[in-house]
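Participant: What follows is the file entry04.txt, containing compact mmCIF, C-alpha atoms:
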# COMPACT_ATOMS: atom_id res chain seq x y z
CA MET A 20 -1.60 19.80 8.48
CA HIS A 21 1.90 19.80 7.07
CA ILE A 22 4.43 21.20 9.52
CA SER A 23 7.93 22.04 8.37
CA ASP A 24 10.30 24.37 10.18
CA LYS A 25 13.92 24.64 11.21
CA ARG A 26 14.94 24.00 14.82
CA LYS A 27 18.34 24.33 16.43
CA ILE A 28 20.03 21.49 18.23
CA GLN A 29 20.79 22.42 21.82
CA LEU A 30 23.31 20.92 24.21
CA THR A 31 22.25 20.23 27.78
CA GLY A 32 24.13 18.63 30.64
CA GLY A 33 27.33 18.72 28.65
CA SER A 34 26.59 15.52 26.70
CA THR A 35 22.93 15.43 25.64
CA TYR A 36 21.59 16.98 22.45
CA ILE A 37 17.92 18.02 22.41
CA VAL A 38 15.45 19.39 19.84
CA SER A 39 12.05 20.76 20.79
CA LEU A 40 8.91 19.35 19.16
CA PRO A 41 6.38 21.56 17.31
CA ILE A 42 3.46 22.21 19.65
CA GLU A 43 0.90 21.66 16.88
CA TRP A 44 2.32 18.20 16.19
CA VAL A 45 2.18 17.32 19.89
CA ARG A 46 -1.43 18.47 20.20
CA ASN A 47 -2.57 16.79 16.98
CA ASN A 48 -1.24 13.48 18.26
CA GLY A 49 -2.85 13.88 21.68
CA LEU A 50 0.48 13.88 23.51
CA SER A 51 1.52 15.64 26.67
CA ALA A 52 4.57 15.93 28.94
CA GLY A 53 5.74 12.49 30.06
CA ASP A 54 4.42 10.61 27.02
CA ALA A 55 6.88 8.62 24.92
CA VAL A 56 7.82 8.97 21.26
CA ILE A 57 9.77 6.57 19.08
CA LEU A 58 12.79 7.72 17.06
CA THR A 59 13.56 5.74 13.89
CA VAL A 60 16.76 6.32 11.93
CA ARG A 61 16.25 5.68 8.21
CA PRO A 62 18.93 4.55 5.73
CA ASP A 63 19.04 8.04 4.21
CA ARG A 64 20.06 9.38 7.68
CA SER A 65 16.71 11.13 8.25
CA LEU A 66 15.02 10.72 11.62
CA ILE A 67 11.32 9.86 12.02
CA VAL A 68 9.46 10.75 15.22
CA THR A 69 6.24 8.83 15.92
CA PRO A 70 3.98 8.58 18.98
CA ASP A 71 4.39 5.42 21.05
CA GLN A 72 1.46 3.24 20.00
CA GLY A 73 1.47 1.61 23.42
CA VAL A 74 0.53 4.95 24.96
CA GLN A 75 -1.48 6.66 22.26
CA ARG A 76 -3.85 5.20 19.71
CA LYS A 77 -5.84 7.42 17.38
CA ASN A 78 -8.93 6.83 15.32
CA THR A 79 -10.07 3.61 16.98
CA HIS A 80 -13.77 4.40 16.61
CA SER A 81 -15.73 5.18 13.45
CA LYS A 82 -19.32 5.55 12.35
CA VAL A 83 -20.70 4.34 9.02
CA GLU A 84 -24.16 5.50 7.98
CA MET A 85 -26.03 3.18 5.65
CA VAL A 86 -26.88 4.57 2.23
CA ALA A 87 -30.00 3.70 0.29
CA SER A 88 -28.85 1.39 -2.49
CA ASP A 89 -30.00 -1.68 -4.38
CA ASP A 90 -26.39 -2.87 -4.26
CA GLN A 91 -25.77 -4.36 -0.80
CA GLU A 92 -22.05 -4.50 -1.54
CA GLU A 93 -21.96 -0.69 -1.53
CA ASN A 94 -22.49 -0.51 2.23
CA PHE A 95 -20.10 -3.39 2.84
CA ARG A 96 -17.40 -1.51 0.91
CA GLN A 97 -17.78 1.38 3.34
CA LEU A 98 -17.26 -1.05 6.21
CA VAL A 99 -14.15 -2.47 4.50
CA ALA A 100 -12.72 1.03 3.97
CA ASN A 101 -13.00 1.76 7.71
CA TYR A 102 -11.44 -1.61 8.55
CA LEU A 103 -8.49 -0.99 6.23
CA VAL A 104 -7.59 2.43 7.66
CA GLY A 105 -7.29 0.88 11.12
CA TYR A 106 -10.53 1.47 13.03
CA ASP A 107 -11.09 -1.14 15.74
CA ILE A 108 -14.71 -0.33 16.59
CA ILE A 109 -17.09 0.41 13.72
CA ARG A 110 -20.70 1.51 14.26
CA ILE A 111 -22.97 0.88 11.29
CA VAL A 112 -26.03 3.08 11.63
CA CYS A 113 -29.33 2.93 9.74
CA PRO A 114 -31.65 5.65 11.13
CA GLY A 115 -34.75 4.09 9.58
CA GLY A 116 -33.90 0.61 10.81
CA PHE A 117 -32.21 -2.26 8.97
CA ALA A 118 -34.16 -4.43 6.55
CA ALA A 119 -33.75 -8.12 7.38
CA SER A 120 -31.77 -8.76 4.18
CA GLU A 121 -29.43 -5.79 4.83
CA ARG A 122 -28.69 -6.93 8.36
CA LYS A 123 -28.06 -10.50 7.27
CA ASN A 124 -25.79 -9.50 4.40
CA LEU A 125 -23.65 -7.15 6.52
CA LYS A 126 -23.23 -9.64 9.34
CA GLU A 127 -22.44 -12.60 7.09
CA SER A 128 -20.07 -10.60 4.88
CA ALA A 129 -18.17 -9.26 7.90
CA ARG A 130 -17.75 -12.73 9.39
CA LYS A 131 -16.73 -14.38 6.12
CA ARG A 132 -14.44 -11.70 4.68
CA LEU A 133 -12.85 -9.76 7.56
CA ILE A 134 -10.40 -11.41 9.94
CA GLY A 135 -10.85 -10.55 13.61
CA ILE A 136 -14.16 -8.70 13.21
CA GLU A 137 -16.98 -9.72 15.54
CA ILE A 138 -20.43 -8.27 16.19
CA VAL A 139 -20.46 -7.10 19.80
CA GLU A 140 -23.77 -5.24 19.89
CA GLU A 141 -26.78 -4.63 17.69
CA SER A 142 -30.19 -3.00 17.75
CA ARG A 143 -32.90 -2.11 15.26
CA THR A 144 -30.93 0.89 13.99
CA GLU A 145 -27.25 -0.01 14.49
CA ILE A 146 -24.70 -2.80 14.41
CA ILE A 147 -21.44 -2.44 16.32
CA LEU A 148 -18.46 -4.44 15.13
CA GLN A 149 -15.13 -4.74 16.92
CA ASN A 150 -11.77 -5.96 15.74
CA LEU A 151 -10.59 -8.48 18.34
CA LEU A 152 -7.33 -9.34 16.54
CA ASN A 153 -4.17 -7.40 17.26
CA PHE A 154 -2.78 -7.43 13.73
CA GLN A 155 0.44 -5.82 14.97
CA ASP A 156 1.40 -9.16 16.55
CA ILE A 157 1.16 -10.99 13.20
CA PRO A 158 4.17 -10.60 10.89
CA LEU A 159 3.22 -9.52 7.37
CA GLU A 160 5.12 -12.52 6.03
CA LYS A 161 2.79 -14.86 7.93
CA SER A 162 -0.28 -13.14 6.44
CA LEU A 163 1.22 -13.44 2.95
CA GLN A 164 2.08 -17.12 3.49
CA SER A 165 -1.46 -17.89 4.63
CA MET A 166 -2.87 -16.14 1.57
CA TYR A 167 -0.42 -17.95 -0.71
CA ARG A 168 -1.18 -21.41 0.73
CA ILE A 169 -4.92 -20.94 0.19
CA ILE A 170 -4.49 -19.76 -3.41
CA TYR A 171 -1.99 -22.54 -4.19
CA SER A 172 -4.31 -25.24 -2.83
CA MET A 173 -7.22 -23.72 -4.78
CA MET A 174 -5.13 -23.82 -7.96
CA GLU A 175 -4.06 -27.40 -7.32
CA ASP A 176 -7.65 -28.53 -6.79
CA SER A 177 -9.00 -26.49 -9.70
CA ILE A 178 -6.62 -28.33 -12.05
CA VAL A 179 -7.77 -31.69 -10.68
CA ALA A 180 -11.41 -30.60 -10.88
CA PHE A 181 -10.94 -29.59 -14.52
CA ARG A 182 -9.14 -32.81 -15.44
CA GLU A 183 -11.74 -35.01 -13.72
CA ALA A 184 -14.77 -32.77 -14.40
CA ASP A 185 -15.30 -32.84 -10.61
CA VAL A 186 -18.02 -30.27 -10.01
CA GLU A 187 -18.12 -30.80 -6.24
CA LEU A 188 -14.38 -30.14 -5.90
CA ALA A 189 -14.77 -27.02 -8.04
CA ARG A 190 -17.51 -25.76 -5.72
CA ASP A 191 -15.21 -26.34 -2.75
CA VAL A 192 -12.54 -24.22 -4.47
CA ILE A 193 -15.06 -21.40 -4.91
CA GLN A 194 -15.91 -21.48 -1.21
CA ARG A 195 -12.26 -20.90 -0.31
CA ASP A 196 -12.15 -17.59 -2.19
CA ASN A 197 -13.54 -15.81 0.90
CA ASP A 198 -10.48 -16.96 2.85
CA VAL A 199 -8.24 -15.34 0.23
CA ASP A 200 -10.15 -12.07 0.65
CA LYS A 201 -9.68 -12.27 4.43
CA PHE A 202 -5.91 -12.40 4.28
CA TYR A 203 -5.77 -9.90 1.43
CA LEU A 204 -7.67 -7.30 3.46
CA LEU A 205 -5.67 -8.09 6.62
CA SER A 206 -2.41 -7.57 4.71
CA VAL A 207 -3.62 -4.26 3.26
CA ARG A 208 -4.55 -3.10 6.77
CA GLN A 209 -1.08 -4.04 8.03
CA ILE A 210 0.69 -2.21 5.20
CA LYS A 211 -1.42 0.92 5.61
CA ALA A 212 -0.58 0.95 9.32
CA ALA A 213 3.13 0.45 8.59
CA LEU A 214 3.13 3.39 6.18
CA GLU A 215 1.67 5.64 8.87
CA ASP A 216 4.02 4.40 11.59
CA SER A 217 7.55 3.47 10.56
CA SER A 218 8.23 1.82 13.93
CA LEU A 219 5.39 -0.58 13.19
CA SER A 220 7.13 -1.66 9.98
CA GLN A 221 9.87 -3.31 11.99
CA LYS A 222 7.34 -5.01 14.25
CA LEU A 223 5.52 -6.44 11.24
CA GLY A 224 8.80 -7.75 9.83
CA ILE A 225 9.13 -5.16 7.05
CA LYS A 226 12.85 -4.43 7.07
CA ASN A 227 12.57 -1.30 4.96
CA SER A 228 9.48 0.92 4.93
CA LYS A 229 10.25 1.61 1.25
CA ASP A 230 9.14 -1.97 0.58
CA CYS A 231 5.56 -1.26 1.70
CA LEU A 232 4.51 -0.18 -1.78
CA GLY A 233 6.10 -3.29 -3.28
CA TYR A 234 4.28 -5.57 -0.85
CA ARG A 235 1.02 -3.72 -1.50
CA LEU A 236 1.31 -4.41 -5.22
CA ILE A 237 2.35 -8.03 -4.64
CA ILE A 238 -0.69 -8.87 -2.52
CA LYS A 239 -2.96 -7.23 -5.10
CA LEU A 240 -1.43 -9.42 -7.80
CA MET A 241 -1.90 -12.47 -5.57
CA GLU A 242 -5.53 -11.53 -5.05
CA ARG A 243 -6.02 -11.29 -8.81
CA ILE A 244 -4.47 -14.73 -9.24
CA GLY A 245 -6.99 -16.01 -6.68
CA ASP A 246 -9.79 -14.41 -8.73
CA HIS A 247 -8.67 -16.26 -11.85
CA VAL A 248 -8.48 -19.57 -9.99
CA ASN A 249 -11.98 -18.90 -8.70
CA GLY A 250 -13.06 -18.19 -12.29
CA ILE A 251 -11.62 -21.52 -13.46
CA ALA A 252 -13.59 -23.33 -10.76
CA HIS A 253 -16.79 -21.56 -11.83
CA VAL A 254 -16.21 -22.76 -15.41
CA VAL A 255 -15.75 -26.35 -14.20
CA THR A 256 -19.11 -26.24 -12.42
CA GLN A 257 -20.68 -25.78 -15.88
CA MET A 258 -19.07 -28.92 -17.32
CA ASP A 259 -21.85 -31.24 -16.06
CA ASP A 260 -19.42 -34.06 -15.26
CA ASN A 261 -18.38 -34.33 -18.93
CA LYS A 262 -14.67 -35.11 -19.23
CA GLU A 263 -13.05 -33.58 -22.29
CA GLU A 264 -9.67 -33.92 -24.01
CA ASN A 265 -7.58 -31.27 -22.26
CA ARG A 266 -4.03 -32.55 -21.73
CA ASP A 267 -2.47 -29.41 -23.23
CA ILE A 268 -4.57 -27.18 -21.00
CA ILE A 269 -3.65 -29.21 -17.91
CA GLU A 270 0.04 -28.89 -18.84
CA LEU A 271 -0.41 -25.12 -19.09
CA GLY A 272 -2.16 -25.08 -15.71
CA VAL A 273 0.65 -27.00 -14.02
CA LEU A 274 3.21 -24.59 -15.48
CA ALA A 275 1.20 -21.57 -14.28
CA GLN A 276 1.01 -23.13 -10.83
CA LYS A 277 4.78 -23.63 -10.76
CA LEU A 278 5.34 -20.01 -11.82
CA PHE A 279 3.12 -18.77 -9.00
CA GLN A 280 4.98 -20.99 -6.53
CA ASP A 281 8.39 -19.73 -7.65
CA SER A 282 7.30 -16.10 -7.72
CA PHE A 283 6.21 -16.35 -4.10
CA ARG A 284 9.44 -18.10 -3.12
CA SER A 285 11.30 -15.17 -4.65
CA VAL A 286 9.22 -12.79 -2.49
CA LEU A 287 10.14 -14.56 0.74
CA ASP A 288 13.88 -14.37 0.05
CA ILE A 289 13.85 -11.26 -2.16
CA ASN A 290 15.59 -13.56 -4.64
CA ALA A 291 16.22 -11.63 -7.85
CA GLU A 292 17.79 -14.62 -9.62
CA LEU A 293 14.69 -16.76 -9.11
CA ALA A 294 12.49 -13.80 -10.03
CA ASN A 295 14.29 -13.40 -13.35
CA GLN A 296 13.75 -17.10 -14.06
CA VAL A 297 10.01 -16.68 -13.43
CA ILE A 298 9.85 -13.81 -15.91
CA LYS A 299 11.60 -15.88 -18.59
CA VAL A 300 9.37 -18.93 -18.15
CA SER A 301 6.20 -16.84 -18.07
CA GLY A 302 6.82 -16.11 -21.75
CA VAL A 303 6.81 -19.87 -22.39
CA ALA A 304 3.41 -20.15 -20.69
CA SER A 305 1.99 -17.32 -22.74
CA ALA A 306 3.22 -18.90 -25.97
CA MET A 307 1.84 -22.27 -24.92
CA GLY A 308 -1.59 -20.76 -24.34
CA ASN A 309 -1.52 -19.09 -27.75
CA ARG A 310 -0.62 -22.40 -29.42
CA ILE A 311 -3.51 -24.17 -27.71
CA THR A 312 -5.91 -21.50 -28.91
CA ARG A 313 -4.62 -21.60 -32.50
CA LYS A 314 -4.73 -25.41 -32.53
CA SER A 315 -8.35 -25.38 -31.40
CA GLU A 316 -9.30 -22.97 -34.16
CA LEU A 317 -7.87 -25.33 -36.78
CA SER A 318 -9.22 -28.52 -35.21
CA ASP A 319 -12.48 -30.22 -36.07
CA ASN A 320 -12.50 -31.89 -32.67
CA THR A 321 -15.58 -30.47 -30.96
CA PHE A 322 -14.30 -31.76 -27.62
CA TYR A 323 -11.20 -29.59 -27.66
CA LEU A 324 -11.48 -25.83 -27.33
CA HIS A 325 -14.49 -24.82 -29.35
CA HIS A 326 -16.42 -24.28 -26.16
CA GLU A 327 -16.11 -20.81 -24.64
CA ARG A 328 -15.60 -22.24 -21.17
CA GLN A 329 -12.32 -23.90 -22.15
CA ARG A 330 -11.07 -20.73 -23.82
CA LYS A 331 -11.71 -18.91 -20.55
CA ILE A 332 -9.65 -21.48 -18.64
CA VAL A 333 -6.68 -21.07 -21.02
CA GLU A 334 -6.86 -17.29 -20.70
CA SER A 335 -6.98 -17.54 -16.90
CA PHE A 336 -3.87 -19.75 -16.79
CA GLN A 337 -2.11 -17.24 -19.06
CA ARG A 338 -3.10 -14.36 -16.76
CA ILE A 339 -1.83 -16.29 -13.72
CA ALA A 340 1.54 -16.72 -15.46
CA GLU A 341 1.63 -13.01 -16.31
CA TYR A 342 0.73 -11.93 -12.79
CA SER A 343 3.45 -14.24 -11.44
CA ALA A 344 5.93 -12.43 -13.68
CA ASP A 345 4.64 -9.09 -12.37
CA ILE A 346 5.26 -10.31 -8.81
CA ALA A 347 8.78 -11.28 -9.84
CA GLU A 348 9.38 -7.80 -11.28
CA MET A 349 8.43 -6.27 -7.93
CA VAL A 350 10.95 -8.55 -6.21
CA ILE A 351 13.70 -7.38 -8.56
CA ASN A 352 12.83 -3.76 -7.81
CA MET A 353 12.86 -4.43 -4.06
CA LYS A 354 16.23 -6.17 -4.36
CA ALA A 355 17.67 -3.13 -6.17
CA THR A 356 16.45 -0.89 -3.34
CA GLU A 357 18.01 -3.24 -0.79
CA ILE A 358 21.38 -3.10 -2.58
CA LYS A 359 21.22 0.69 -2.92
CA ASP A 360 20.52 1.13 0.80
CA SER A 361 23.33 -1.28 1.66
CA LEU A 362 25.81 0.71 -0.44
CA SER A 363 24.56 3.93 1.15
CA GLY A 364 25.15 2.47 4.60
CA ASP A 365 28.67 1.38 3.65
CA ALA A 366 29.40 4.88 2.36
CA GLN A 367 28.29 6.37 5.66
CA VAL A 368 30.63 4.06 7.56
CA LEU A 369 33.53 5.13 5.35
CA GLU A 370 32.68 8.80 5.89
CA GLN A 371 32.75 8.30 9.66
CA ALA A 372 35.99 6.32 9.61
Could I get this file's structure written as structure tokens?

Facilitator:
Amino acid sequence: MHISDKRKIQLTGGSTYIVSLPIEWVRNNGLSAGDAVILTVRPDRSLIVTPDQGVQRKNTHSKVEMVASDDQEENFRQLVANYLVGYDIIRIVCPGGFAASERKNLKESARKRLIGIEIVEESRTEIILQNLLNFQDIPLEKSLQSMYRIIYSMMEDSIVAFREADVELARDVIQRDNDVDKFYLLSVRQIKAALEDSSLSQKLGIKNSKDCLGYRLIIKLMERIGDHVNGIAHVVTQMDDNKEENRDIIELGVLAQKLFQDSFRSVLDINAELANQVIKVSGVASAMGNRITRKSELSDNTFYLHHERQRKIVESFQRIAEYSADIAEMVINMKATEIKDSLSGDAQVLEQA
């Protein structure tokens, strides 16, 4: 329910200003006399009132009923949706009883792809999962850094695997993709919580709640980069230990890796100068990929890029460069917001002087 009304400021005790709270808001948040609320002053001089999470926590339990489907991922997506909106205890119910494959898939997927989720109870007709990790104690920056380090190491090893036609190393890269998903989903959960509770933004290390959207887009772009690295590794597993002439492709891969590294560095410092450099160089990577493709079309060398698998690798490196540029654009936007808010704050100081 959207509540909006005008309330007068009252003076009590000669020095304290008070404003009454709407009764519907108090009831909807499960508050009563004596409970605490948190007041957050925003840069635009508005005031946000939120319940104290230490006293009151809503929506900690949920129930997910299994749907009949040949796609086992469909039920797992329902579980993920409940995890992302902040439920700590999730009951998965199947009135007719779980098939052995359904139970196995849900349990393995939860353990491999959701951080902090453990199975605490199960029966023939239900599985109860509980989040044992207090994500509020983990800064968002730490979650992003963990996600970045995994993707960067995957990219590094995928380039080596491609150069050496190392199928086993490529398979190891593929295995690490679940770890990327873990930190991606954890970060989304943190950002969703920060959007609902501005006081939590500060606790998670988000200086300005306006940046939540920017961070949400950044982690999605990082996840897509991880998908392309995973795709490169899958292509390498089809090479059957046959080394091929690919120096140009390796050079493109190293450049894409550097662009991803610099784009993430710009995120950590909200460095617009570095972000602009990433955007410029990403064009070089795109042009390099196009040249490799054109060269292969004119070449009679069957070991170069006639094979579809190599074309896919070039395209993936190009996409990684483009996504790195997209990350950099978000950083520039966030920097502009930071400057605007700083100027607004300075103006307020001058008004008060």

Participant: Do you have, as a Markdown table, the list of residues of segment 108-132 of chain A lying at most 6 Å from segment 140-161 of chain A, each with its nearest atom pair and that distance in Å to one decimal, counting all atoms listed in the file and ordered by chain then number?

Facilitator:
| residue | atom | partner | partner_atom | distance |
| --- | --- | --- | --- | --- |
| A:Ile108 | CA | A:Gln149 | CA | 4.4 |
| A:Ile109 | CA | A:Leu148 | CA | 5.2 |
| A:Arg110 | CA | A:Ile147 | CA | 4.5 |
| A:Ile111 | CA | A:Ile146 | CA | 5.1 |
| A:Val112 | CA | A:Glu145 | CA | 4.4 |
| A:Cys113 | CA | A:Thr144 | CA | 5.0 |
| A:Pro114 | CA | A:Thr144 | CA | 5.6 |
| A:Gly116 | CA | A:Thr144 | CA | 4.4 |

Participant: Can you tell me which residues surround Val297 of chain A at a distance of at most 12 Å, considering all atoms listed in the file, apart from same-chain residues fewer than 2 positions away, and format the answer as a ChimeraX atom specification?

Facilitator: /A:274-286,290-295,299-304,339-351

Participant: Which residues are near His247 of chain A? Cut-off 9 Å, only C-alpha atoms, ignore same chain within fewer than 4 positions. Put them as a list in words.

Facilitator: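 Here the qualifying residues turn out to be Glu242, Arg243, Ile251, Ala252, Ile332, Ser335, Phe336, Arg338 and Ile339 of chain A.
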
Participant: Which residue is closest to Arg168 of chain A? Choose from A:Val68, A:Met85, A:Ile136, A:Val199 and count all atoms listed in the file.

Facilitator: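 Using all atoms listed in the file, Arg168 of chain A sits closest to A:Val199.
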
Participant: So which one's closest to Gly105 of chain A, A:Arg46, A:His253, A:Lys211, A:Lys131? Using only C-alpha atoms, please.

Facilitator: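 Of the candidates, the smallest distance to Gly105 of chain A is held by A:Lys211.
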
Participant: Would you compute the distance between atom CA of Ser162 of chain A and atom CA of Phe95 of chain A? Give it in Å to one decimal.

Facilitator: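 Computing it gives 22.4 Å between the two atoms.
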
Participant: Between A:Phe202, A:Ser34, A:Leu163, A:Glu93, which residue has the minimum interatomic distance to Gly224 of chain A, considering only C-alpha atoms?

Facilitator: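 Nearest to Gly224 of chain A: A:Leu163.
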
Participant: Residues near Glu92 of chain A, anyone? I mean within 12 Å using all atoms listed in the file, not counting same-chain ones fewer than 4 positions away, as a list in words.

Facilitator: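 In the requested form, the answer reads Met85, Val86, Ala87, Ser88, Arg96, Gln97, Leu98, Val99, Glu121, Asn124, Leu125, Glu127, Ser128 and Ala129 of chain A.
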
Participant: So the first atom is atom CA of Asp196 of chain A and the second is atom CA of Asn249 of chain A; what is the distance between them in Å, to one decimal place?

Facilitator: 6.6 Å

Participant: Within 12 Å of (-4.3, -23.9, -28.6), in the coordinates the file gives, what residues turn up when you count all atoms listed in the file, written out as a ChimeraX atom specification?

Facilitator: /A:265-271,304-318,323-325,329-330,332-334,337

Participant: What does the distance from atom CA of Ala184 of chain A to atom CA of Asp198 of chain A come to in Å, to one decimal?

Facilitator: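 So the answer is 23.8 Å.
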
Participant: Of the candidates A:Arg130, A:Arg235, A:Arg26, A:Arg190, which shows the shortest atom-to-atom distance to Ser39 of chain A, using all atoms listed in the file?

Facilitator: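 Using all atoms listed in the file, Ser39 of chain A sits closest to A:Arg26.
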